[in-house]
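Participant: See work.csv below, with CSV, C-alpha atoms.
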```
chain,number,residue,atom,x,y,z
Z,180,MET,CA,117.6,83.6,87.1
Z,181,ILE,CA,120.4,84.8,89.3
Z,182,VAL,CA,122.1,82.1,91.4
Z,183,CYS,CA,124.7,82.0,94.0
Z,184,ASP,CA,127.2,79.2,94.2
Z,185,SER,CA,127.2,79.3,98.0
Z,186,PRO,CA,124.0,80.9,99.2
Z,187,ILE,CA,123.6,82.1,102.7
Z,188,ALA,CA,120.9,79.9,104.4
Z,189,GLU,CA,117.5,81.7,104.8
Z,190,GLN,CA,117.6,81.2,108.6
Z,191,ALA,CA,121.1,82.8,108.7
Z,192,LEU,CA,119.7,85.8,106.8
Z,193,ILE,CA,117.0,86.2,109.4
Z,194,ASP,CA,119.4,85.7,112.3
Z,195,TYR,CA,121.6,88.4,110.8
Z,196,TRP,CA,118.7,90.8,110.4
Z,197,VAL,CA,117.2,90.3,113.8
Z,198,GLU,CA,120.3,89.7,115.9
Z,199,GLY,CA,123.2,90.8,113.8
Z,200,LEU,CA,124.6,87.3,113.9
Z,201,ASP,CA,127.7,87.1,111.7
Z,202,ALA,CA,126.9,90.6,110.5
Z,203,GLU,CA,130.4,91.3,109.1
Z,204,GLY,CA,130.5,88.1,107.0
Z,205,VAL,CA,126.8,88.3,105.9
Z,206,GLU,CA,127.1,91.9,104.8
Z,207,GLU,CA,130.3,91.2,102.9
Z,208,HIS,CA,128.5,88.5,101.1
Z,209,LEU,CA,125.3,90.5,100.4
Z,210,VAL,CA,127.2,93.5,98.9
Z,211,THR,CA,128.8,91.3,96.3
Z,212,CYS,CA,126.1,88.8,95.7
Z,213,GLU,CA,123.0,89.8,93.7
Z,214,ALA,CA,121.2,86.5,94.4
Z,215,CYS,CA,121.5,86.6,98.2
Z,216,SER,CA,120.9,90.4,98.2
Z,217,LEU,CA,117.6,89.7,96.4
Z,218,ARG,CA,116.7,87.0,98.9
Z,219,MET,CA,117.4,89.4,101.8
Z,220,ARG,CA,115.3,92.0,100.1
Z,221,ALA,CA,112.4,89.5,99.9
Z,222,LEU,CA,112.7,88.6,103.6
Z,223,ALA,CA,113.2,92.1,104.9
Z,224,PRO,CA,109.6,93.5,104.5
Z,225,VAL,CA,108.1,91.1,106.9
Z,226,MET,CA,110.7,91.9,109.6
Z,227,ILE,CA,110.4,95.6,108.9
Z,228,GLY,CA,106.7,95.2,109.2
Z,229,ALA,CA,107.0,93.5,112.6
Z,230,ARG,CA,109.3,96.3,113.7
Z,231,THR,CA,106.9,98.9,112.5
Z,232,LEU,CA,104.0,97.3,114.2
Z,233,ARG,CA,105.9,97.3,117.5
Z,234,GLU,CA,106.9,100.9,117.0
Z,235,SER,CA,103.3,101.9,116.4
Z,236,MET,CA,102.1,100.2,119.6
Z,237,PRO,CA,102.5,101.1,123.2
Z,238,LEU,CA,104.6,98.8,125.4
Z,239,PRO,CA,102.4,96.0,126.8
Z,240,VAL,CA,103.0,97.1,130.4
Z,241,LEU,CA,103.5,100.8,131.2
Z,242,THR,CA,104.7,102.8,134.1
Z,243,ARG,CA,102.9,105.9,135.1
Z,244,ALA,CA,105.7,108.0,133.5
Z,245,GLN,CA,105.4,106.0,130.2
Z,246,LEU,CA,101.7,106.6,130.2
Z,247,ALA,CA,102.2,110.3,130.7
Z,248,ALA,CA,104.7,110.3,127.9
Z,249,LEU,CA,102.2,108.6,125.6
Z,250,ARG,CA,99.6,111.3,126.4
Z,251,ASP,CA,102.3,114.0,125.9
Z,252,ARG,CA,102.9,112.6,122.4
Z,253,GLY,CA,99.2,113.1,121.6
Z,254,VAL,CA,98.2,109.4,121.9
Z,255,ARG,CA,94.6,109.2,122.9
Z,256,VAL,CA,94.3,107.0,125.9
Z,257,THR,CA,91.3,105.5,127.7
Z,258,GLU,CA,92.2,104.5,131.2
Z,259,ARG,CA,89.9,102.4,133.4
Z,260,ASP,CA,90.3,100.7,136.7
Z,261,ALA,CA,89.9,96.9,136.4
Z,262,ALA,CA,88.7,94.6,139.0
Z,263,LEU,CA,91.0,91.6,139.8
Z,264,THR,CA,88.5,89.5,138.0
Z,265,GLY,CA,85.7,90.4,135.7
Z,266,GLU,CA,85.3,92.2,132.4
Z,267,LEU,CA,85.7,95.7,131.1
Z,268,ALA,CA,84.0,97.0,128.0
Z,269,TRP,CA,85.8,99.5,125.9
Z,270,THR,CA,83.5,101.3,123.5
Z,271,VAL,CA,86.1,102.1,120.9
Z,272,ASP,CA,85.5,105.6,119.9
Z,273,ASP,CA,88.5,107.8,119.0
Z,274,SER,CA,91.0,106.6,121.5
Z,275,ASP,CA,94.1,104.7,120.4
Z,276,VAL,CA,95.0,102.8,123.5
Z,277,PHE,CA,93.1,101.3,126.3
Z,278,VAL,CA,94.9,101.0,129.7
Z,279,LEU,CA,93.6,98.6,132.3
Z,280,VAL,CA,94.7,99.7,135.7
Z,281,VAL,CA,94.9,96.4,137.7
Z,282,PRO,CA,95.2,96.8,141.4
Z,283,VAL,CA,98.0,94.4,142.4
Z,284,ASP,CA,100.3,94.7,145.4
Z,285,LEU,CA,103.7,93.9,144.1
Z,286,ARG,CA,105.7,94.2,147.3
Z,287,ASN,CA,106.2,90.5,147.7
Z,288,VAL,CA,106.2,89.6,144.0
Z,289,ASP,CA,109.5,88.3,142.8
Z,290,ARG,CA,108.5,87.9,139.2
Z,291,LEU,CA,105.5,88.8,137.2
Z,292,ASP,CA,104.2,87.1,134.0
Z,293,ILE,CA,101.2,88.2,132.0
Z,294,ASP,CA,99.3,85.9,129.7
Z,295,TYR,CA,97.3,87.3,126.8
Z,296,CYS,CA,94.5,84.7,126.3
Z,297,LYS,CA,91.5,84.1,124.3
Z,298,PRO,CA,88.2,84.2,126.3
Z,299,SER,CA,88.4,80.4,126.6
Z,300,GLY,CA,91.7,80.8,128.5
Z,301,GLU,CA,93.9,79.6,125.6
Z,302,VAL,CA,97.2,81.5,125.9
Z,303,MET,CA,98.0,83.6,122.8
Z,304,THR,CA,101.2,85.1,124.1
Z,305,VAL,CA,103.0,85.5,127.3
Z,306,PHE,CA,104.8,88.6,128.5
Z,307,PRO,CA,107.4,86.9,130.7
Z,308,ASP,CA,109.1,88.7,133.6
Z,309,ALA,CA,107.2,92.0,132.9
Z,310,PRO,CA,109.1,95.0,134.1
Z,311,VAL,CA,107.4,96.3,137.2
Z,312,HIS,CA,108.6,97.9,140.4
Z,313,ARG,CA,108.2,96.1,143.7
Z,314,HIS,CA,106.8,99.1,145.4
Z,315,ASP,CA,104.0,99.4,142.9
Z,316,THR,CA,100.4,98.7,143.8
Z,317,GLU,CA,99.0,98.6,140.3
Z,318,ILE,CA,99.9,97.3,136.9
Z,319,LEU,CA,99.1,99.3,133.8
Z,320,ILE,CA,98.3,96.9,130.9
Z,321,ALA,CA,98.1,98.7,127.6
Z,322,CYS,CA,96.1,97.4,124.7
Z,323,ASP,CA,96.2,98.9,121.2
Z,324,ARG,CA,92.8,99.5,119.6
Z,325,HIS,CA,93.8,97.4,116.6
Z,326,ILE,CA,94.6,94.4,118.9
Z,327,ALA,CA,91.5,94.9,120.9
Z,328,THR,CA,89.1,95.1,117.9
Z,329,ALA,CA,90.8,92.1,116.2
Z,330,HIS,CA,89.6,89.8,119.0
Z,331,GLU,CA,86.2,89.0,120.5
Z,332,ALA,CA,87.7,89.7,123.9
Z,333,ILE,CA,91.2,89.5,125.4
Z,334,ARG,CA,91.8,88.0,128.8
Z,335,PHE,CA,94.8,89.1,130.8
Z,336,ARG,CA,96.0,86.7,133.4
Z,337,VAL,CA,98.5,88.1,135.8
Z,338,ARG,CA,100.7,85.5,137.4
Z,339,GLY,CA,103.1,86.4,140.2
Z,340,MET,CA,105.9,84.4,141.8
Z,341,ILE,CA,105.7,84.9,145.6
Z,342,ALA,CA,108.1,83.1,147.9
Z,343,GLY,CA,108.7,80.6,145.2
Z,344,VAL,CA,105.1,79.9,144.6
Z,345,GLU,CA,103.2,81.0,141.5
Z,346,GLN,CA,99.8,82.6,142.1
Z,347,VAL,CA,97.2,84.1,139.8
Z,348,LEU,CA,97.0,87.7,141.0
Z,349,ALA,CA,94.4,88.9,138.5
Z,350,ASP,CA,92.3,87.5,135.6
Z,351,CYS,CA,90.4,90.2,133.8
Z,352,ARG,CA,89.0,90.6,130.3
Z,353,LEU,CA,88.7,93.5,127.9
Z,354,ARG,CA,85.9,93.5,125.4
Z,355,ALA,CA,86.1,96.0,122.6
Z,356,VAL,CA,82.7,97.3,121.6
Z,357,ARG,CA,82.4,99.0,118.3
A,93,MET,CA,131.6,80.3,109.5
A,94,LEU,CA,132.6,83.9,108.8
A,95,ASP,CA,135.6,82.7,106.7
A,96,ASP,CA,133.2,80.5,104.7
A,97,LEU,CA,130.8,83.3,104.1
A,98,ARG,CA,133.6,85.6,103.0
A,99,LEU,CA,134.9,83.1,100.5
A,100,ALA,CA,131.4,82.1,99.4
A,101,GLY,CA,130.4,85.8,99.1
A,102,ALA,CA,132.9,86.4,96.4
A,103,ASN,CA,130.4,86.3,93.6
A,104,GLY,CA,133.2,86.6,91.0
A,105,GLU,CA,131.1,87.7,88.1
A,106,MET,CA,129.4,90.4,90.0
A,107,ASP,CA,132.7,91.7,91.4
A,108,ARG,CA,134.2,91.7,87.9
A,109,ARG,CA,131.2,93.6,86.5
A,110,LEU,CA,131.3,96.2,89.3
A,111,GLY,CA,135.1,96.4,89.1
A,112,ALA,CA,134.9,97.2,85.4
A,113,LEU,CA,132.4,100.0,86.0
A,114,ALA,CA,134.5,101.3,88.8
A,115,ILE,CA,137.6,101.4,86.7
A,116,ARG,CA,135.7,103.3,83.9
A,117,ILE,CA,134.6,105.9,86.4
A,118,ARG,CA,138.1,106.3,87.9
A,119,ASP,CA,139.7,106.5,84.4
A,120,SER,CA,137.2,109.0,83.1
A,121,ARG,CA,137.2,111.0,86.4
A,122,GLY,CA,133.5,110.6,86.6
A,123,ALA,CA,132.8,111.7,83.1
A,124,ASP,CA,131.6,108.3,82.0
A,125,ARG,CA,128.0,108.8,83.1
A,126,VAL,CA,126.8,105.4,81.8
A,127,ALA,CA,129.3,103.7,84.1
A,128,VAL,CA,128.3,106.0,87.0
A,129,ASP,CA,124.6,105.1,86.5
A,130,GLY,CA,125.4,101.4,86.1
A,131,LEU,CA,127.5,101.3,89.3
A,132,CYS,CA,124.9,103.2,91.3
A,133,ARG,CA,122.1,101.0,90.2
A,134,ALA,CA,124.1,97.8,90.9
A,135,LEU,CA,125.2,98.9,94.3
A,136,TRP,CA,122.0,100.5,95.5
A,137,PRO,CA,119.9,97.5,96.3
A,138,ARG,CA,122.7,95.7,98.2
A,139,VAL,CA,123.6,98.7,100.2
A,140,HIS,CA,120.0,99.7,100.7
A,141,VAL,CA,118.9,96.4,102.3
A,142,ILE,CA,121.9,96.5,104.7
A,143,LEU,CA,121.1,100.0,105.7
A,144,SER,CA,117.4,99.2,106.0
A,145,ARG,CA,118.3,96.8,108.8
A,146,ARG,CA,120.2,99.5,110.7
A,147,GLU,CA,117.9,102.5,110.0
A,148,HIS,CA,114.4,102.1,111.2
A,149,ASP,CA,113.2,105.0,109.2
A,150,ALA,CA,112.7,104.0,105.5
A,151,ALA,CA,113.4,107.5,104.2
A,152,ALA,CA,116.6,107.7,106.3
A,153,ALA,CA,117.8,104.3,104.9
A,154,ALA,CA,117.1,105.4,101.3
A,155,ASP,CA,119.0,108.7,101.9
A,156,LEU,CA,121.9,106.9,103.4
A,157,ALA,CA,122.0,104.4,100.6
A,158,GLN,CA,122.0,107.3,98.1
A,159,GLU,CA,124.7,109.0,100.0
A,160,THR,CA,126.8,105.9,100.1
A,161,VAL,CA,126.7,105.2,96.3
A,162,LEU,CA,127.4,108.9,95.6
A,163,ALA,CA,130.3,108.9,98.0
A,164,VAL,CA,131.7,105.8,96.3
A,165,VAL,CA,131.5,107.5,92.9
A,166,ALA,CA,133.1,110.6,94.3
A,167,ALA,CA,136.0,108.6,95.8
A,168,LEU,CA,136.5,106.9,92.4
A,169,THR,CA,136.4,110.1,90.6
A,170,ASP,CA,139.0,111.6,93.0
A,171,GLY,CA,141.2,108.6,92.6
A,172,ARG,CA,140.9,107.7,96.3
A,173,VAL,CA,140.0,104.0,95.8
A,174,GLU,CA,143.0,101.9,95.8
A,175,GLN,CA,141.3,98.7,94.6
A,176,PRO,CA,138.5,99.6,92.2
A,177,ASP,CA,138.1,95.9,91.4
A,178,ARG,CA,136.9,95.5,95.1
A,179,ILE,CA,134.5,98.3,94.9
A,180,ALA,CA,131.6,96.4,96.6
A,181,ALA,CA,133.7,95.9,99.7
A,182,PHE,CA,134.7,99.6,99.6
A,183,ALA,CA,131.0,100.6,99.3
A,184,LEU,CA,130.2,98.4,102.4
A,185,GLN,CA,132.9,100.2,104.4
A,186,VAL,CA,131.5,103.6,103.3
A,187,ALA,CA,127.9,102.5,104.2
A,188,ARG,CA,129.0,101.3,107.6
A,189,SER,CA,131.0,104.4,108.2
A,190,LEU,CA,128.1,106.7,107.2
A,191,ALA,CA,125.6,104.7,109.3
A,192,ALA,CA,127.8,105.0,112.3
A,193,SER,CA,128.5,108.7,111.8
A,194,ALA,CA,126.4,110.6,114.2
A,195,GLY,CA,127.2,113.9,112.5
A,196,ARG,CA,126.1,113.2,109.0
A,197,THR,CA,124.7,116.3,107.5
A,198,ARG,CA,122.4,117.5,104.9
A,199,ALA,CA,125.2,119.6,103.5
A,200,ARG,CA,127.4,116.6,102.8
A,201,ARG,CA,124.6,115.0,100.8
A,202,GLU,CA,123.8,118.2,99.0
A,203,GLY,CA,127.5,118.6,98.1
A,204,LEU,CA,127.5,115.1,96.5
A,205,LEU,CA,124.2,115.7,94.7
A,206,ALA,CA,125.6,118.9,93.2
A,207,THR,CA,128.3,116.9,91.6
A,208,PHE,CA,126.5,113.7,90.7
A,209,VAL,CA,123.0,113.0,89.7
A,210,ILE,CA,121.2,109.8,90.5
A,211,GLU,CA,117.5,109.3,89.6
A,212,THR,CA,116.2,107.7,92.8
A,213,THR,CA,112.6,107.4,91.7
A,214,THR,CA,113.6,104.4,89.5
A,215,LEU,CA,115.6,102.6,92.2
A,216,PRO,CA,114.1,99.6,93.9
A,217,THR,CA,112.6,100.1,97.3
A,218,LEU,CA,111.6,97.4,99.8
A,219,ASP,CA,108.0,96.3,99.6
A,220,ALA,CA,105.8,97.6,102.4
A,221,VAL,CA,103.5,94.9,103.9
A,222,ASP,CA,99.9,95.5,104.9
A,223,LEU,CA,100.3,96.0,108.7
A,224,PRO,CA,96.8,95.1,109.8
A,225,GLN,CA,97.0,91.9,107.7
A,226,LEU,CA,100.4,91.2,109.2
A,227,GLY,CA,98.9,91.5,112.6
A,228,ARG,CA,96.2,89.0,111.6
A,229,CYS,CA,98.8,86.6,110.2
A,230,ILE,CA,100.7,86.7,113.5
A,231,ASP,CA,97.5,85.9,115.3
A,232,HIS,CA,97.1,82.8,113.3
A,233,LEU,CA,100.6,81.4,114.0
A,234,PRO,CA,101.0,78.5,116.4
A,235,PHE,CA,101.7,79.5,120.0
A,236,ARG,CA,105.5,78.9,119.9
A,237,GLU,CA,106.1,80.8,116.7
A,238,ARG,CA,103.9,83.7,117.8
A,239,GLN,CA,105.6,83.8,121.1
A,240,THR,CA,109.0,83.9,119.5
A,241,LEU,CA,108.0,86.8,117.3
A,242,PHE,CA,106.4,88.6,120.2
A,243,GLU,CA,109.6,88.4,122.2
A,244,THR,CA,111.8,89.1,119.3
A,245,PHE,CA,110.1,92.1,117.8
A,246,PHE,CA,107.8,93.5,120.5
A,247,LEU,CA,109.9,92.8,123.6
A,248,GLU,CA,113.2,93.0,121.8
A,249,ARG,CA,114.5,90.0,123.8
A,250,THR,CA,117.3,87.8,122.7
A,251,ALA,CA,117.0,84.2,121.5
A,252,GLU,CA,118.5,83.1,124.8
A,253,GLN,CA,115.8,85.0,126.8
A,254,THR,CA,113.0,83.7,124.6
A,255,ALA,CA,114.4,80.2,125.0
A,256,GLN,CA,113.7,80.4,128.8
A,257,THR,CA,110.0,81.2,128.2
A,258,LEU,CA,109.6,78.3,125.8
A,259,ALA,CA,111.8,75.9,127.8
A,260,THR,CA,114.0,75.3,124.8
A,261,THR,CA,117.4,76.3,123.4
A,262,ALA,CA,118.4,79.5,121.6
A,263,SER,CA,119.1,77.5,118.5
A,264,ASN,CA,115.5,76.2,118.5
A,265,VAL,CA,114.2,79.7,119.0
A,266,ARG,CA,116.0,80.7,115.8
A,267,VAL,CA,114.4,77.7,114.0
A,268,LEU,CA,111.0,78.8,115.3
A,269,ARG,CA,111.6,82.3,114.2
A,270,HIS,CA,112.6,81.2,110.7
A,271,ARG,CA,109.5,79.0,110.5
A,272,ALA,CA,107.3,82.0,111.7
A,273,ILE,CA,108.8,84.4,109.1
A,274,ARG,CA,108.2,81.8,106.3
A,275,ALA,CA,104.6,81.3,107.5
A,276,LEU,CA,104.0,85.1,107.6
A,277,ARG,CA,105.4,85.4,104.0
A,278,ARG,CA,103.0,82.7,102.9
A,279,CYS,CA,100.1,84.3,104.8
A,280,LEU,CA,100.9,87.7,103.2
A,281,GLN,CA,101.1,85.9,99.8
A,282,LEU,CA,104.7,87.0,99.4
A,283,GLU,CA,105.9,83.4,99.0
A,284,GLU,CA,104.5,80.4,97.1
A,285,GLU,CA,102.9,77.7,99.1
A,286,GLU,CA,105.4,74.9,99.6
A,287,SER,CA,104.5,71.7,97.9
```
Represent the structure of the file as structure tokens.

Facilitator:
Amino acid sequence: MIVCDSPIAEQALIDYWVEGLDAEGVEEHLVTCEACSLRMRALAPVMIGARTLRESMPLPVLTRAQLAALRDRGVRVTERDAALTGELAWTVDDSDVFVLVVPVDLRNVDRLDIDYCKPSGEVMTVFPDAPVHRHDTEILIACDRHIATAHEAIRFRVRGMIAGVEQVLADCRLRAVR
Amino acid sequence: MLDDLRLAGANGEMDRRLGALAIRIRDSRGADRVAVDGLCRALWPRVHVILSRREHDAAAAADLAQETVLAVVAALTDGRVEQPDRIAAFALQVARSLAASAGRTRARREGLLATFVIETTTLPTLDAVDLPQLGRCIDHLPFRERQTLFETFFLERTAEQTAQTLATTASNVRVLRHRAIRALRRCLQLEEEES
């Protein structure tokens, strides 16, 4: 078994990989240390996998230009208008991405957060401070087919900060039907 | 911390082994093929993992790692390495320089390949994870760990930005991220269950 007298902590290896923390020192260690290099090689696949997942998916919130660029790249998109509340069914055929067009007037919204929830309302993840333009009157929420089909339904709760007060601007669901 | 890492990183035995191979290559002007092969195989995994962080394309990272080890051998052969006993540090500089070089060309790599041969099919690559399974494993993480990964990898936000979402500190976000990666490795059966 190969051992290192002063191994780099696992968290430091992850911090280096993700953020480049102490990159110079970590790399100088890795290139001379077989043990730590092996540990880095064992950790890397999960982080490369997460990076690959992200690169294979659309941004969670799109602009019209980004949506057009997706289509130009050959990504098959199903685009549907969503009511502010209620449910949309996506019969998953051969499209890759479902885009919910949520009609929200953003002129007075200072900050927008989107919660991705289970049907029960339990929050799975939050897209904090989603990048939208104040002159927009719609939000394009993109959902990859693999994400959609992995869940019974996904509930998107759009929260906006208006004049210092948080309001739920939309609360809609997407149900993928195979 | 950096100084500590640099000192700790001096894995003396490894440096001596690599240094001995480097000196053999330099003294034989590249004719000692056993030493060339040994050095390439020893440097490859270390250089490759560093370049895999920088290069998002796996094939590009492998090409760059190959180019790096071959450039190191070429430099030794040409007598351009002043401290062959510190060949690993030299290789790191070469790797960084090549990675930063926007104008790297196929011709440069082909020139090196015409001089030196390295059988890449037997070199270790990084394992690929099952992406759908990885997605399911992420879904099963507790909220704070999942949110940390979402912001880190999907939104490419800093630990400081993620800390604002979770009402915590950047240091704690790094702890959560570490915990999440460990949980994913267990979920993907890449790591033994902790007792």

Participant: Can you write out as CSV which residues of chain Z fall within 8 Å of chain A, alongside each residue's closest atom pair and its distance in Å to one decimal, counting all atoms listed in the file and ordering rows by chain and ascending residue number?

Facilitator:
```
residue,atom,partner,partner_atom,distance
Z:Cys183,CA,A:Asn103,CA,7.2
Z:Asp184,CA,A:Ala100,CA,7.3
Z:Ser185,CA,A:Ala100,CA,5.2
Z:Pro186,CA,A:Ala100,CA,7.5
Z:Ile187,CA,A:Leu97,CA,7.4
Z:Glu189,CA,A:His270,CA,7.7
Z:Gln190,CA,A:His270,CA,5.4
Z:Ile193,CA,A:His270,CA,6.8
Z:Asp194,CA,A:Arg266,CA,7.0
Z:Trp196,CA,A:Arg145,CA,6.2
Z:Val197,CA,A:Thr244,CA,7.8
Z:Glu198,CA,A:Thr250,CA,7.7
Z:Asp201,CA,A:Leu94,CA,6.5
Z:Glu203,CA,A:Leu94,CA,7.7
Z:Gly204,CA,A:Leu94,CA,5.0
Z:Val205,CA,A:Leu97,CA,6.7
Z:Glu206,CA,A:Ile142,CA,6.9
Z:Glu207,CA,A:Arg98,CA,6.5
Z:His208,CA,A:Gly101,CA,3.9
Z:Leu209,CA,A:Arg138,CA,6.2
Z:Val210,CA,A:Arg138,CA,5.1
Z:Thr211,CA,A:Ala180,CA,5.8
Z:Cys212,CA,A:Asn103,CA,5.4
Z:Glu213,CA,A:Met106,CA,7.4
Z:Ser216,CA,A:Arg138,CA,5.6
Z:Met219,CA,A:Val141,CA,7.2
Z:Arg220,CA,A:Val141,CA,6.1
Z:Ala221,CA,A:Leu218,CA,7.9
Z:Leu222,CA,A:Ile273,CA,7.9
Z:Ala223,CA,A:Leu218,CA,7.5
Z:Pro224,CA,A:Asp219,CA,5.9
Z:Val225,CA,A:Val221,CA,6.7
Z:Met226,CA,A:Ile273,CA,7.8
Z:Ile227,CA,A:His148,CA,8.0
Z:Gly228,CA,A:Val221,CA,6.2
Z:Ala229,CA,A:Phe245,CA,6.2
Z:Arg230,CA,A:Phe245,CA,5.9
Z:Leu232,CA,A:Leu223,CA,6.8
Z:Arg233,CA,A:Phe246,CA,5.2
Z:Leu238,CA,A:Phe246,CA,7.9
Z:Val302,CA,A:Phe235,CA,7.7
Z:Met303,CA,A:Phe235,CA,6.2
Z:Thr304,CA,A:Gln239,CA,5.5
Z:Val305,CA,A:Gln239,CA,6.9
Z:Phe306,CA,A:Glu243,CA,7.9
Z:Pro307,CA,A:Thr257,CA,6.7
Z:His325,CA,A:Pro224,CA,7.8
Z:Ala329,CA,A:Arg228,CA,7.7
```

Participant: Just give me the residues with any atom within 10 Å of (98.8, 81.2, 137.8), file coordinates, counting only C-alpha atoms, written as a count of residues only.

Facilitator: 15

Participant: Can you measure atom CA of Val281 of chain Z to atom CA of Thr264 of chain Z for me? One decimal in Å is fine.

Facilitator: 9.4 Å

Participant: Could you tell me how far atom CA of Ala262 of chain Z lies from atom CA of Leu353 of chain Z, in Å and to one decimal?

Facilitator: 11.2 Å

Participant: Quote the spacing between atom CA of Leu285 of chain Z and atom CA of Thr316 of chain Z in Å to one decimal place.

Facilitator: 5.8 Å
